[in-house]
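Worksheet: one structure, shown below.
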Amino acid sequence: HTPVVGVCAATNGKGITSTGTITYDHSSGKSTDGSTISRSTGKYKTSTTGLYSITYSAITNGGNQIWLVKDGVRDGSTEYSSHQFGIDDNYYMKDQGSRTLVMCLKKGQEIHLQTTSNSGYIWKMQFCVVLE
């Protein structure tokens, strides 16, 4: 039988203010091959070779860059970038966006999200992995 993988992890309303690997507050979805997104490490390790759809979304303010990292290497084609700045303290801007990628992953490969620039906040970050 064909495995089913449709898993997501997300942050609550708290804002991410640092850079580095993104970790999560809760997870959801279903996986019949035993794979999951670790909330504490933020990493997803494949149990099945196949074509995967990967989506990440967030609400941001300031300058933010989020990347997909595969097997420890940041993939330059996966950048989520958002830059918005207020004129003064009374003017507050934010943005909501997402990226969806389709890539072949082999059994045992590991992916996660990493922020390398974060001069503001990242809210309600969501990371989903689906085996097509």
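By convention here, the chains of the structure tokens are called A, B, ... in the order presented, each chain's residues are numbered starting at 1, and ligands are numbered starting at 1 in the order presented.
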
What lies within 7 Å of segment 99-108 of chain A using only C-alpha atoms, ignoring chain neighbours under 4 positions off, as a ChimeraX atom specification?
-> /A:45-57,80

Hey, what does DSSP flag as strand (DSSP E) within segment 2-132 of chain A? Can you give it to me as a PyMOL selection string?
-> chain A and resi 5-10+20-21+26-31+44-45+50-70+73-74+80-84+95-105+110-118+121-131

Nearest-residue call for Asp25 of chain A, choices A:Val5, A:Leu131, A:Met125, A:Leu113, using only C-alpha atoms =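 Nearest candidate to Asp25 of chain A out of A:Val5, A:Leu131, A:Met125, A:Leu113: A:Met125.
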
Within 12 Å of Gly72 of chain A, counting only C-alpha atoms, which residues qualify if same-chain residues fewer than 2 places away don't, as a CSV table (one decimal) with N, CA and C atoms, in the first residue's frame?
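Result file follows (around-v6.csv):
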```csv
chain,number,residue,atom,x,y,z
A,21,THR,N,17.3,27.8,13.4
A,21,THR,CA,16.3,26.8,13.1
A,21,THR,C,15.0,27.2,13.8
A,43,LYS,N,12.7,19.7,12.7
A,43,LYS,CA,13.1,18.9,11.6
A,43,LYS,C,12.1,17.8,11.2
A,45,LYS,N,12.2,14.2,9.0
A,45,LYS,CA,13.0,13.2,8.4
A,45,LYS,C,12.1,12.3,7.6
A,67,TRP,N,14.5,30.1,4.9
A,67,TRP,CA,15.0,29.2,3.9
A,67,TRP,C,14.6,27.8,4.3
A,68,LEU,N,14.5,26.9,3.3
A,68,LEU,CA,14.5,25.5,3.5
A,68,LEU,C,15.9,25.0,3.6
A,69,VAL,N,16.2,24.2,4.6
A,69,VAL,CA,17.5,23.5,4.7
A,69,VAL,C,17.3,22.0,4.5
A,70,LYS,N,18.1,21.4,3.6
A,70,LYS,CA,18.0,20.0,3.3
A,70,LYS,C,19.3,19.3,3.6
A,74,ARG,N,21.5,24.9,3.2
A,74,ARG,CA,20.5,25.8,2.8
A,74,ARG,C,20.3,25.9,1.3
A,75,ASP,N,19.1,25.7,0.8
A,75,ASP,CA,18.7,25.7,-0.6
A,75,ASP,C,18.4,27.1,-1.0
A,109,GLN,N,16.4,11.5,4.3
A,109,GLN,CA,16.8,12.9,4.1
A,109,GLN,C,16.0,13.8,5.2
A,110,GLU,N,16.6,14.9,5.6
A,110,GLU,CA,16.1,15.7,6.6
A,110,GLU,C,15.9,17.1,6.1
A,111,ILE,N,14.8,17.7,6.4
A,111,ILE,CA,14.5,19.1,6.0
A,111,ILE,C,14.0,19.9,7.2
A,112,HIS,N,14.3,21.2,7.2
A,112,HIS,CA,13.8,22.1,8.3
A,112,HIS,C,13.9,23.5,7.7
A,113,LEU,N,13.2,24.5,8.5
A,113,LEU,CA,13.3,25.9,8.1
A,113,LEU,C,14.2,26.6,9.0
A,114,GLN,N,14.9,27.6,8.4
A,114,GLN,CA,15.8,28.4,9.1
A,114,GLN,C,15.6,29.9,8.7
```

Counting only C-alpha atoms, figure out which residue out of A:Thr115, A:Gln126, A:Ser40, A:Thr32 gets nearest to Ser98 of chain A.
->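 Residue with the minimum atom-to-atom distance to Ser98 of chain A: A:Gln126.
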
Which residues, written as a ChimeraX atom specification, have at least one atom at most 6 Å from Lys124 of chain A, with only C-alpha atoms counted and residues fewer than 4 positions away on the same chain left out?
-> /A:11-13,58

Selection from above, N, CA and C atoms, as a PDB file, in the first residue's frame, can you write it?
```pdb
ATOM      1  N   THR A  11       3.741  27.525  15.006  1.00  0.00           N
ATOM      2  CA  THR A  11       3.960  28.268  16.244  1.00  0.00           C
ATOM      3  C   THR A  11       2.635  28.878  16.660  1.00  0.00           C
ATOM      4  N   ASN A  12       2.475  29.105  17.938  1.00  0.00           N
ATOM      5  CA  ASN A  12       1.303  29.816  18.443  1.00  0.00           C
ATOM      6  C   ASN A  12       1.458  31.283  18.116  1.00  0.00           C
ATOM      7  N   GLY A  13       0.737  32.124  18.798  1.00  0.00           N
ATOM      8  CA  GLY A  13       0.777  33.550  18.533  1.00  0.00           C
ATOM      9  C   GLY A  13       2.077  34.231  18.906  1.00  0.00           C
ATOM     10  N   ALA A  58       3.846  32.480   7.012  1.00  0.00           N
ATOM     11  CA  ALA A  58       4.019  33.243   8.246  1.00  0.00           C
ATOM     12  C   ALA A  58       3.461  34.647   8.073  1.00  0.00           C
TER      13      ALA A  58
END
```

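If you look at atom CA of Thr60 of chain A and atom CA of Asp95 of chain A, they are 5.3 Å away from each other.
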
Have a look at A:Gly120, A:Ile16, A:Val129, A:Gly63 and name the one nearest to Ser28 of chain A; count only C-alpha atoms.
->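 Among the listed residues, A:Val129 lies closest to Ser28 of chain A.
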
Tell me which protein, DNA and RNA residues are within 8 Å of Gly62 of chain A, counting only C-alpha atoms, leaving out same-chain ones fewer than 4 positions away, and put them as an MDAnalysis selection string.
-> chainID A and resid 82:85 93:94 118:121

For the residues in the current selection, export N, CA, C and O atoms as a PDB file, in the first residue's frame.
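Result file follows (selection-v3.pdb):
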```pdb
ATOM      1  N   SER A  82      10.636  38.926   3.204  1.00  0.00           N
ATOM      2  CA  SER A  82       9.650  39.969   3.434  1.00  0.00           C
ATOM      3  C   SER A  82      10.349  41.131   4.126  1.00  0.00           C
ATOM      4  O   SER A  82      11.056  40.942   5.116  1.00  0.00           O
ATOM      5  N   HIS A  83      10.151  42.318   3.585  1.00  0.00           N
ATOM      6  CA  HIS A  83      10.798  43.506   4.153  1.00  0.00           C
ATOM      7  C   HIS A  83       9.803  44.652   4.165  1.00  0.00           C
ATOM      8  O   HIS A  83       9.347  45.086   3.119  1.00  0.00           O
ATOM      9  N   GLN A  84       9.451  45.095   5.345  1.00  0.00           N
ATOM     10  CA  GLN A  84       8.596  46.260   5.475  1.00  0.00           C
ATOM     11  C   GLN A  84       8.971  46.993   6.765  1.00  0.00           C
ATOM     12  O   GLN A  84       9.274  46.369   7.772  1.00  0.00           O
ATOM     13  N   PHE A  85       8.991  48.291   6.679  1.00  0.00           N
ATOM     14  CA  PHE A  85       9.425  49.103   7.809  1.00  0.00           C
ATOM     15  C   PHE A  85       8.503  50.301   7.959  1.00  0.00           C
ATOM     16  O   PHE A  85       8.098  50.900   6.966  1.00  0.00           O
ATOM     17  N   MET A  93       3.666  48.074  10.214  1.00  0.00           N
ATOM     18  CA  MET A  93       3.341  47.297   9.014  1.00  0.00           C
ATOM     19  C   MET A  93       3.643  45.833   9.253  1.00  0.00           C
ATOM     20  O   MET A  93       4.579  45.489   9.959  1.00  0.00           O
ATOM     21  N   LYS A  94       2.844  44.964   8.631  1.00  0.00           N
ATOM     22  CA  LYS A  94       3.147  43.539   8.635  1.00  0.00           C
ATOM     23  C   LYS A  94       2.686  42.933   7.324  1.00  0.00           C
ATOM     24  O   LYS A  94       1.937  43.537   6.559  1.00  0.00           O
ATOM     25  N   ASN A 118      16.222  38.508  10.659  1.00  0.00           N
ATOM     26  CA  ASN A 118      14.964  38.731  11.353  1.00  0.00           C
ATOM     27  C   ASN A 118      15.089  39.994  12.206  1.00  0.00           C
ATOM     28  O   ASN A 118      15.427  39.934  13.372  1.00  0.00           O
ATOM     29  N   SER A 119      14.818  41.128  11.575  1.00  0.00           N
ATOM     30  CA  SER A 119      14.933  42.395  12.297  1.00  0.00           C
ATOM     31  C   SER A 119      13.613  42.791  12.954  1.00  0.00           C
ATOM     32  O   SER A 119      13.527  43.847  13.562  1.00  0.00           O
ATOM     33  N   GLY A 120      12.597  41.948  12.818  1.00  0.00           N
ATOM     34  CA  GLY A 120      11.290  42.224  13.420  1.00  0.00           C
ATOM     35  C   GLY A 120      10.774  40.998  14.132  1.00  0.00           C
ATOM     36  O   GLY A 120      11.419  40.470  15.029  1.00  0.00           O
ATOM     37  N   TYR A 121       9.608  40.545  13.695  1.00  0.00           N
ATOM     38  CA  TYR A 121       8.964  39.372  14.279  1.00  0.00           C
ATOM     39  C   TYR A 121       8.445  38.448  13.190  1.00  0.00           C
ATOM     40  O   TYR A 121       8.107  38.896  12.098  1.00  0.00           O
TER      41      TYR A 121
END
```

Which of these residues is nearest to Tyr24 of chain A, using only C-alpha atoms: A:Cys8, A:Val130, A:Val73, A:Ile59?
->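 Answer, going by the shortest atom-to-atom distance: A:Cys8.
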